Amino acid sequence: MKGLIIITSVCHGNTEKVARAMAEAINADVIESANVNLETLDNYDIIGFGSGIIHGKHHNSIFSLIEKINTGKGKKAFVFSTGGQGKAASNEAAKDALVQKGFEVIGSFACKGYDTYGPFKLIGGIAKGKPDDNDLANAKEFAKSLE
């Protein structure tokens, strides 16, 4: 199985840490969403989409990329996220967008990530030290479960 993990990691590198742990577990490539060549997506059996959570959903660049994909028919996908609260429910909008493009979404993963967005900056952020080694181990296990 050849895997690709597409990310947008903009603030503290939380999403990239999780993506690299997953990629290590399943020997996948990792690429920033801005650098994706849509023509190469057919070279992958499974594609992950991840970012930090902003206003309850993935970064807009992830949705913009999904919109540009002609079809995901016959492709497996998964979504993941990091955020101050680390709620899997925040992955639903991205899952729905992928399903509408024809992808078979086979998994969803979320974990806490250090968050200094908006008012959290005033208190020094939340979820300090996250993702930690335990979170990264969980991300690896999640990725292995997709094979």
# chains A, B, ... in the order shown; residues from 1 in each chain; ligands from 1
>>> select_by_dssp(residues="chain A", states="strand (DSSP E or B)", output="PyMOL selection string")
chain A and resi 3-8+29-32+46-54+57-58+76-83+104-112+115+126
>>> write_last_selection(atoms="N, CA, C and O atoms", output="short mmCIF file (atom, residue, chain, number, x, y, z; two decimals), in the first residue's frame")
data_model
loop_
_atom_site.label_atom_id
_atom_site.label_comp_id
_atom_site.auth_asym_id
_atom_site.auth_seq_id
_atom_site.Cartn_x
_atom_site.Cartn_y
_atom_site.Cartn_z
N GLY A 3 1.13 5.20 0.54
CA GLY A 3 0.37 6.24 1.21
C GLY A 3 0.95 7.63 1.06
O GLY A 3 2.16 7.81 0.91
N LEU A 4 0.06 8.61 1.11
CA LEU A 4 0.41 10.02 1.07
C LEU A 4 -0.34 10.70 2.20
O LEU A 4 -1.53 10.45 2.40
N ILE A 5 0.36 11.56 2.92
CA ILE A 5 -0.27 12.34 3.98
C ILE A 5 -0.10 13.80 3.63
O ILE A 5 1.01 14.31 3.52
N ILE A 6 -1.24 14.47 3.44
CA ILE A 6 -1.28 15.87 3.06
C ILE A 6 -1.61 16.69 4.31
O ILE A 6 -2.60 16.39 4.99
N ILE A 7 -0.79 17.70 4.57
CA ILE A 7 -0.99 18.48 5.80
C ILE A 7 -0.96 19.98 5.55
O ILE A 7 -0.40 20.45 4.56
N THR A 8 -1.56 20.68 6.48
CA THR A 8 -1.33 22.10 6.66
C THR A 8 -0.98 22.24 8.14
O THR A 8 -1.79 21.93 9.00
N ASP A 29 4.49 9.10 2.26
CA ASP A 29 5.06 10.41 1.96
C ASP A 29 4.23 11.48 2.67
O ASP A 29 3.02 11.32 2.85
N VAL A 30 4.89 12.57 3.08
CA VAL A 30 4.21 13.70 3.71
C VAL A 30 4.47 14.93 2.85
O VAL A 30 5.61 15.18 2.43
N ILE A 31 3.41 15.70 2.59
CA ILE A 31 3.55 16.91 1.78
C ILE A 31 2.60 17.99 2.29
O ILE A 31 1.49 17.69 2.73
N GLU A 32 3.06 19.22 2.23
CA GLU A 32 2.19 20.36 2.58
C GLU A 32 1.11 20.51 1.50
O GLU A 32 1.39 20.35 0.31
N ILE A 46 -3.80 5.18 -0.52
CA ILE A 46 -4.49 5.81 0.60
C ILE A 46 -3.91 7.20 0.81
O ILE A 46 -2.69 7.40 0.69
N ILE A 47 -4.80 8.15 1.10
CA ILE A 47 -4.37 9.54 1.27
C ILE A 47 -4.95 10.08 2.57
O ILE A 47 -6.16 9.99 2.80
N GLY A 48 -4.07 10.63 3.40
CA GLY A 48 -4.50 11.26 4.64
C GLY A 48 -4.54 12.77 4.49
O GLY A 48 -3.72 13.35 3.77
N PHE A 49 -5.47 13.40 5.15
CA PHE A 49 -5.64 14.84 5.11
C PHE A 49 -5.66 15.34 6.56
O PHE A 49 -6.52 14.91 7.33
N GLY A 50 -4.75 16.25 6.90
CA GLY A 50 -4.71 16.71 8.28
C GLY A 50 -4.28 18.16 8.43
O GLY A 50 -3.53 18.69 7.62
N SER A 51 -4.77 18.77 9.50
CA SER A 51 -4.37 20.13 9.86
C SER A 51 -4.76 20.36 11.31
O SER A 51 -5.43 19.54 11.94
N GLY A 52 -4.38 21.53 11.78
CA GLY A 52 -4.89 21.98 13.06
C GLY A 52 -6.34 22.41 12.89
O GLY A 52 -6.78 22.69 11.77
N ILE A 53 -7.05 22.46 13.98
CA ILE A 53 -8.45 22.85 13.93
C ILE A 53 -8.58 24.35 14.21
O ILE A 53 -8.03 24.85 15.18
N ILE A 54 -9.27 25.02 13.31
CA ILE A 54 -9.50 26.46 13.42
C ILE A 54 -11.00 26.71 13.30
O ILE A 54 -11.62 26.29 12.32
N LYS A 57 -13.01 23.42 12.62
CA LYS A 57 -12.80 22.56 11.46
C LYS A 57 -11.37 22.69 10.94
O LYS A 57 -10.60 23.54 11.39
N HIS A 58 -11.04 21.89 9.95
CA HIS A 58 -9.71 21.92 9.35
C HIS A 58 -9.41 23.27 8.70
O HIS A 58 -10.32 24.02 8.37
N LYS A 76 -8.99 5.38 -1.03
CA LYS A 76 -9.23 5.38 0.41
C LYS A 76 -8.58 6.63 1.00
O LYS A 76 -7.54 7.09 0.53
N ALA A 77 -9.22 7.17 2.03
CA ALA A 77 -8.71 8.37 2.67
C ALA A 77 -8.92 8.27 4.17
O ALA A 77 -9.74 7.49 4.66
N PHE A 78 -8.16 9.08 4.89
CA PHE A 78 -8.39 9.26 6.32
C PHE A 78 -8.16 10.72 6.65
O PHE A 78 -7.52 11.45 5.90
N VAL A 79 -8.71 11.15 7.77
CA VAL A 79 -8.53 12.52 8.22
C VAL A 79 -7.97 12.51 9.63
O VAL A 79 -8.19 11.57 10.40
N PHE A 80 -7.22 13.55 9.93
CA PHE A 80 -6.71 13.69 11.28
C PHE A 80 -6.54 15.15 11.60
O PHE A 80 -6.50 16.01 10.71
N SER A 81 -6.45 15.45 12.89
CA SER A 81 -6.34 16.83 13.31
C SER A 81 -5.66 16.93 14.67
O SER A 81 -5.61 15.97 15.43
N THR A 82 -5.17 18.14 14.93
CA THR A 82 -4.66 18.51 16.24
C THR A 82 -5.37 19.79 16.64
O THR A 82 -5.76 20.58 15.78
N GLY A 83 -5.53 19.98 17.93
CA GLY A 83 -6.17 21.20 18.40
C GLY A 83 -6.17 21.24 19.91
O GLY A 83 -5.90 20.24 20.57
N GLU A 104 -13.48 6.85 -0.10
CA GLU A 104 -13.93 5.98 0.98
C GLU A 104 -13.11 6.38 2.20
O GLU A 104 -11.90 6.12 2.26
N VAL A 105 -13.73 7.04 3.16
CA VAL A 105 -13.02 7.50 4.36
C VAL A 105 -13.00 6.34 5.35
O VAL A 105 -14.03 5.91 5.85
N ILE A 106 -11.79 5.84 5.63
CA ILE A 106 -11.65 4.63 6.44
C ILE A 106 -11.16 4.90 7.86
O ILE A 106 -10.98 3.95 8.64
N GLY A 107 -10.96 6.16 8.21
CA GLY A 107 -10.53 6.43 9.57
C GLY A 107 -10.45 7.91 9.89
O GLY A 107 -10.38 8.76 8.99
N SER A 108 -10.46 8.19 11.19
CA SER A 108 -10.39 9.55 11.70
C SER A 108 -9.61 9.53 13.01
O SER A 108 -9.85 8.68 13.86
N PHE A 109 -8.69 10.48 13.16
CA PHE A 109 -7.86 10.55 14.35
C PHE A 109 -7.74 12.00 14.78
O PHE A 109 -7.59 12.89 13.94
N ALA A 110 -7.79 12.22 16.08
CA ALA A 110 -7.59 13.57 16.61
C ALA A 110 -6.82 13.47 17.92
O ALA A 110 -6.99 12.51 18.68
N CYS A 111 -5.99 14.45 18.15
CA CYS A 111 -5.31 14.55 19.45
C CYS A 111 -5.10 16.02 19.79
O CYS A 111 -5.21 16.89 18.93
N LYS A 112 -4.82 16.24 21.05
CA LYS A 112 -4.57 17.61 21.48
C LYS A 112 -3.25 18.10 20.90
O LYS A 112 -2.33 17.32 20.68
N ASP A 115 -2.08 25.04 21.65
CA ASP A 115 -2.96 25.97 20.96
C ASP A 115 -2.85 27.36 21.60
O ASP A 115 -3.14 27.51 22.79
N ILE A 126 -3.23 26.59 25.55
CA ILE A 126 -3.77 25.39 26.19
C ILE A 126 -3.12 24.17 25.55
O ILE A 126 -2.53 24.25 24.48
#
>>> atom_distance(atom1="atom CA of A:Ser33", atom2="atom CA of A:His59")
10.1 Å
>>> closest_residue(among="A:Lys2, A:Lys73, A:Lys17, A:Lys144", to="A:Gly113", atoms="only C-alpha atoms")
A:Lys17
>>> closest_residue(among="A:Leu65, A:Val99, A:Ala139, A:Leu38", to="A:Ile26", atoms="only C-alpha atoms")
A:Ala139
>>> select_by_dssp(residues="chain A", states="helix (DSSP H, G or I)", output="VMD selection string")
chain A and resid 14 to 26 33 to 35 38 to 43 60 to 68 88 to 100 118 to 123 133 to 145
>>> atom_distance(atom1="atom CA of A:Val36", atom2="atom CA of A:Lys95")
18.9 Å
>>> residues_around(residues="A:Gly56", least_positions_apart="3", cutoff="9 Å", atoms="only C-alpha atoms", output="ChimeraX atom specification")
/A:53,89-91
>>> residues_around(residues="A:Glu67", least_positions_apart="3", cutoff="12 Å", atoms="only C-alpha atoms", output="PDB file with C-alpha atoms, in the first residue's frame")
ATOM      1  CA  LEU A  38      -3.131  16.750  -8.164  1.00  0.00           C
ATOM      2  CA  ASN A  60      -9.277  26.255   4.729  1.00  0.00           C
ATOM      3  CA  SER A  61      -6.346  25.095   2.576  1.00  0.00           C
ATOM      4  CA  ILE A  62      -7.399  21.472   3.153  1.00  0.00           C
ATOM      5  CA  PHE A  63     -10.931  22.213   1.942  1.00  0.00           C
ATOM      6  CA  SER A  64      -9.587  24.193  -1.035  1.00  0.00           C
ATOM      7  CA  ASN A  70     -11.640  15.866  -9.670  1.00  0.00           C
ATOM      8  CA  THR A  71     -12.698  12.606  -8.024  1.00  0.00           C
ATOM      9  CA  GLY A  72     -11.635  10.365  -5.196  1.00  0.00           C
ATOM     10  CA  ALA A  94     -13.424  17.195   6.160  1.00  0.00           C
ATOM     11  CA  ASP A  96     -17.996  14.852   4.534  1.00  0.00           C
ATOM     12  CA  ALA A  97     -16.078  16.828   1.871  1.00  0.00           C
ATOM     13  CA  LEU A  98     -14.018  13.754   0.998  1.00  0.00           C
ATOM     14  CA  VAL A  99     -17.074  11.497   0.799  1.00  0.00           C
ATOM     15  CA  GLN A 100     -18.738  14.014  -1.539  1.00  0.00           C
ATOM     16  CA  LYS A 101     -15.698  13.680  -3.814  1.00  0.00           C
ATOM     17  CA  GLY A 102     -16.090   9.904  -3.854  1.00  0.00           C
TER      18      GLY A 102
END
>>> closest_residue(among="A:Glu16, A:Lys130, A:Met1, A:Ala28", to="A:Gln85", atoms="only C-alpha atoms")
A:Lys130
>>> closest_residue(among="A:Ala21, A:Thr15, A:Phe103, A:Val10", to="A:Leu136", atoms="only C-alpha atoms")
A:Ala21
>>> atom_distance(atom1="atom CA of A:Ala34", atom2="atom CA of A:Ala93")
19.7 Å
>>> closest_residue(among="A:Gly84, A:Asp45, A:Asn37, A:Ser145", to="A:Asn14", atoms="only C-alpha atoms")
A:Gly84
